Amino acid sequence: MPTTSRFNTTLPIARRRLLAGAAALGAAGAAASLPRPAFAATPLRVGYIPIIPMTQLYVLTGEGWAKDVGLALQTTSFQSGPAMIQALASGTLDVAYVGIGPAMIARSKGVKLKVVAANVIDQVALIGRGPLAKAMAGAASPAEGIKAFRAANGRLPKIGSLPAGSVPDTVLRYWMAEVAGIGADDVEIVGMGEQPLQQALLTGAIDGASILEPILTLVQSRLQDAAIIAKAGTMFPKQPGAVLVVTEDAIAGNRAAVADLVKLHIRATAFAKSNPDRTAELVTEIIGKGLVERDVMRAALTSDATTFVDDPRVILESTKRMQAFQQTLGQITEPVDVDALFDLSFHDAALGK
């Protein structure tokens, strides 16, 4: 279920007072004296999943940049990409910070949206705990490790991920089929939301997970028997991850606002790379408060499973590879024109190209 975020952006109190005073003096005087953003902030309804790959959103809202350029970002939290795509399809969202996998599936089903920026690459790693971590560490290959686990435990290893069609789920299945030589029937894959998955790992309800930060770092910090089985980048080389998606209706109706958002996204990417301490504060406030210690969050933000990018061209070719694989899974029955899915114009304009 979606939840309205506590970091929704609204018009500042000081500016509302300025507007009230301007109205008393007369419309003409107000037009001459007030800065442009004070007249009316442009609303954009933004959906996001509360995970690290959406860090750019937390930075640009937390630092107040959106308000500074006259954007009122009305943010709503979702537990999975497919749920957010439904909101995009119904017209209740203008913008989504979502995985490229669900974005492609949505486009294939007729949802009119565009990828205007990338967030991260190589974001998914495979973590194991207890018997699975031990079996994989002592094996000559991942496939042999799975066999050893089954022989020792008398059952299939249970590996969690986000729901089918999500990037972590697709990357796991790609790694099994194309890299590790592990059959689809050799493991039990369980799809769930991000918070239930983290809890399942910590309690031992699952043996491992194909997932993102901060879960990778947090679980290792709390469980001595947890270890990375397959590193980010090796499961699906240059894997595309989360992206900034905008509906075509929003682009047509608020192109200037979308352009401003992309500029802030690029600025936030640079900020996250160069200011890990402050970024950790902002991310912890939004997605980890009371759940993840700040030092754990900082470690997660600087791990090899967190590589921030913003140029959509970086993931263009790997997105095509991901779609081709999703077709083999039957998740995309009608392939999309990936080049048409991407709108590079906003990023190019922001960089003066």
# chains A, B, ... in the order shown; residues from 1 in each chain; ligands from 1

call {"tool": "residues_around", "arguments": {"residues": "A:Arg267", "least_positions_apart": "4", "cutoff": "9 Å", "atoms": "only C-alpha atoms", "output": "list in words"}}
result
Gln56, Leu60, Val262, Lys263, Phe271 and Ala272 of chain A

call {"tool": "write_last_selection", "arguments": {"atoms": "N, CA, C and O atoms", "output": "PDB file, in the first residue's frame"}}
result
ATOM      1  N   GLN A  56      18.869  10.294  -4.817  1.00  0.00           N
ATOM      2  CA  GLN A  56      18.790  11.636  -5.403  1.00  0.00           C
ATOM      3  C   GLN A  56      17.532  12.371  -4.953  1.00  0.00           C
ATOM      4  O   GLN A  56      17.561  13.580  -4.700  1.00  0.00           O
ATOM      5  N   LEU A  60      17.560  16.031  -2.950  1.00  0.00           N
ATOM      6  CA  LEU A  60      17.016  17.276  -3.508  1.00  0.00           C
ATOM      7  C   LEU A  60      15.828  17.799  -2.714  1.00  0.00           C
ATOM      8  O   LEU A  60      15.549  19.010  -2.721  1.00  0.00           O
ATOM      9  N   VAL A 262      15.061  17.244 -13.448  1.00  0.00           N
ATOM     10  CA  VAL A 262      16.232  16.531 -13.966  1.00  0.00           C
ATOM     11  C   VAL A 262      17.515  17.274 -13.598  1.00  0.00           C
ATOM     12  O   VAL A 262      18.513  16.657 -13.220  1.00  0.00           O
ATOM     13  N   LYS A 263      17.496  18.582 -13.670  1.00  0.00           N
ATOM     14  CA  LYS A 263      18.676  19.363 -13.268  1.00  0.00           C
ATOM     15  C   LYS A 263      19.017  19.103 -11.804  1.00  0.00           C
ATOM     16  O   LYS A 263      20.185  18.938 -11.441  1.00  0.00           O
ATOM     17  N   PHE A 271      26.246  15.467  -5.493  1.00  0.00           N
ATOM     18  CA  PHE A 271      26.263  15.699  -4.051  1.00  0.00           C
ATOM     19  C   PHE A 271      26.444  14.376  -3.299  1.00  0.00           C
ATOM     20  O   PHE A 271      27.245  14.275  -2.360  1.00  0.00           O
ATOM     21  N   ALA A 272      25.694  13.356  -3.704  1.00  0.00           N
ATOM     22  CA  ALA A 272      25.760  12.057  -3.027  1.00  0.00           C
ATOM     23  C   ALA A 272      27.150  11.445  -3.124  1.00  0.00           C
ATOM     24  O   ALA A 272      27.621  10.790  -2.185  1.00  0.00           O
TER      25      ALA A 272
END

call {"tool": "residues_around", "arguments": {"residues": "stretch 125-135 of chain A", "least_positions_apart": "4", "cutoff": "7 Å", "atoms": "only C-alpha atoms", "output": "MDAnalysis selection string"}}
result
chainID A and resid 139 145 148:149 207:212 216 225:232 305

call {"tool": "atom_distance", "arguments": {"atom1": "atom CA of A:Phe308", "atom2": "atom CA of A:Asp122"}}
result
9.3 Å

call {"tool": "residues_around", "arguments": {"residues": "stretch 327-338 of chain A", "least_positions_apart": "4", "cutoff": "9 Å", "atoms": "only C-alpha atoms", "output": "list in words"}}
result
Met104, Ile105, Arg107, Ser108, Lys109, Ala164, Gly165, Thr170, Arg173, Leu316, Glu317, Thr319, Lys320, Met322, Gln323 and Phe342 of chain A

call {"tool": "write_last_selection", "arguments": {"atoms": "N, CA and C atoms", "output": "short mmCIF file (atom, residue, chain, number, x, y, z; two decimals), in the first residue's frame"}}
result
data_model
loop_
_atom_site.label_atom_id
_atom_site.label_comp_id
_atom_site.auth_asym_id
_atom_site.auth_seq_id
_atom_site.Cartn_x
_atom_site.Cartn_y
_atom_site.Cartn_z
N MET A 104 9.88 -0.93 -17.91
CA MET A 104 9.75 -1.58 -19.21
C MET A 104 8.45 -2.38 -19.31
N ILE A 105 8.12 -3.08 -18.24
CA ILE A 105 6.87 -3.85 -18.24
C ILE A 105 5.68 -2.92 -18.40
N ARG A 107 5.62 0.04 -19.86
CA ARG A 107 5.60 0.55 -21.22
C ARG A 107 5.06 -0.51 -22.19
N SER A 108 5.43 -1.76 -21.94
CA SER A 108 4.96 -2.84 -22.81
C SER A 108 3.46 -3.04 -22.70
N LYS A 109 2.87 -2.60 -21.58
CA LYS A 109 1.43 -2.73 -21.37
C LYS A 109 0.68 -1.45 -21.70
N ALA A 164 8.36 -10.46 -8.77
CA ALA A 164 8.70 -10.79 -10.15
C ALA A 164 8.55 -9.56 -11.04
N GLY A 165 9.52 -9.35 -11.92
CA GLY A 165 9.52 -8.18 -12.79
C GLY A 165 10.37 -7.05 -12.26
N THR A 170 14.89 -9.98 -11.51
CA THR A 170 15.41 -10.26 -12.85
C THR A 170 16.90 -10.55 -12.82
N ARG A 173 17.53 -14.09 -11.49
CA ARG A 173 17.22 -15.12 -12.48
C ARG A 173 18.25 -15.12 -13.61
N LEU A 316 21.54 2.40 -21.32
CA LEU A 316 20.72 2.15 -22.51
C LEU A 316 20.92 0.74 -23.06
N GLU A 317 22.17 0.35 -23.29
CA GLU A 317 22.44 -0.96 -23.89
C GLU A 317 22.13 -2.09 -22.91
N THR A 319 19.93 -2.05 -20.63
CA THR A 319 18.47 -2.14 -20.54
C THR A 319 17.93 -3.02 -21.66
N LYS A 320 18.51 -2.90 -22.84
CA LYS A 320 18.08 -3.75 -23.95
C LYS A 320 18.36 -5.22 -23.64
N MET A 322 18.51 -6.51 -20.65
CA MET A 322 17.59 -6.92 -19.61
C MET A 322 16.22 -7.24 -20.19
N GLN A 323 15.77 -6.41 -21.13
CA GLN A 323 14.47 -6.68 -21.75
C GLN A 323 14.49 -8.02 -22.50
N PHE A 342 13.41 5.86 -23.68
CA PHE A 342 14.31 6.85 -23.10
C PHE A 342 14.12 8.21 -23.77
#

call {"tool": "atom_distance", "arguments": {"atom1": "atom CA of A:Glu248", "atom2": "atom CA of A:Leu93"}}
result
11.3 Å

call {"tool": "residues_around", "arguments": {"residues": "A:Ile49", "least_positions_apart": "6", "cutoff": "6 Å", "atoms": "only C-alpha atoms", "output": "VMD selection string"}}
result
chain A and resid 77 to 79

call {"tool": "write_last_selection", "arguments": {"atoms": "C-alpha atoms", "output": "PDB file, in the first residue's frame"}}
result
ATOM      1  CA  SER A  77       5.962   5.773  -0.750  1.00  0.00           C
ATOM      2  CA  PHE A  78       5.314   2.345  -2.309  1.00  0.00           C
ATOM      3  CA  GLN A  79       6.517  -1.101  -1.276  1.00  0.00           C
TER       4      GLN A  79
END

call {"tool": "closest_residue", "arguments": {"among": "A:Val116, A:Leu282, A:Leu351, A:Met84", "to": "A:Asp339", "atoms": "only C-alpha atoms"}}
result
A:Val116

call {"tool": "select_by_dssp", "arguments": {"residues": "stretch 101-284 of chain A", "states": "alpha helix (DSSP H)", "output": "PyMOL selection string"}}
result
chain A and resi 101-108+130-137+142-153+167-174+194-203+215-222+248-253+255-274+276-283

call {"tool": "closest_residue", "arguments": {"among": "A:Ala242, A:Val95, A:Leu201, A:Val69", "to": "A:Thr306", "atoms": "only C-alpha atoms"}}
result
A:Ala242

call {"tool": "atom_distance", "arguments": {"atom1": "atom CA of A:Arg255", "atom2": "atom CA of A:Pro102"}}
result
23.4 Å

call {"tool": "closest_residue", "arguments": {"among": "A:Val219, A:Val245, A:Ile286, A:Val120", "to": "A:Ala96", "atoms": "only C-alpha atoms"}}
result
A:Val245

call {"tool": "select_by_dssp", "arguments": {"residues": "stretch 116-165 of chain A", "states": "strand (DSSP E)", "output": "compact mmCIF listing (two decimals) with C-alpha atoms, in the first residue's frame"}}
result
# COMPACT_ATOMS: atom_id res chain seq x y z
CA VAL A 116 14.59 10.86 -18.26
CA ALA A 117 17.53 10.01 -15.95
CA ALA A 118 19.30 7.06 -14.38
CA VAL A 120 22.41 3.80 -10.14
CA ILE A 121 24.10 0.89 -11.87
CA ALA A 125 24.13 -8.38 -4.98
CA LEU A 126 23.32 -11.83 -3.63
CA ILE A 127 23.71 -12.28 0.12
CA GLY A 128 23.50 -15.57 2.00
CA ARG A 129 23.32 -16.42 5.66
CA LYS A 158 15.01 -20.28 -0.17
CA ILE A 159 16.17 -17.02 -1.76
CA GLY A 160 14.17 -13.84 -1.36
CA SER A 161 13.92 -10.90 -3.71
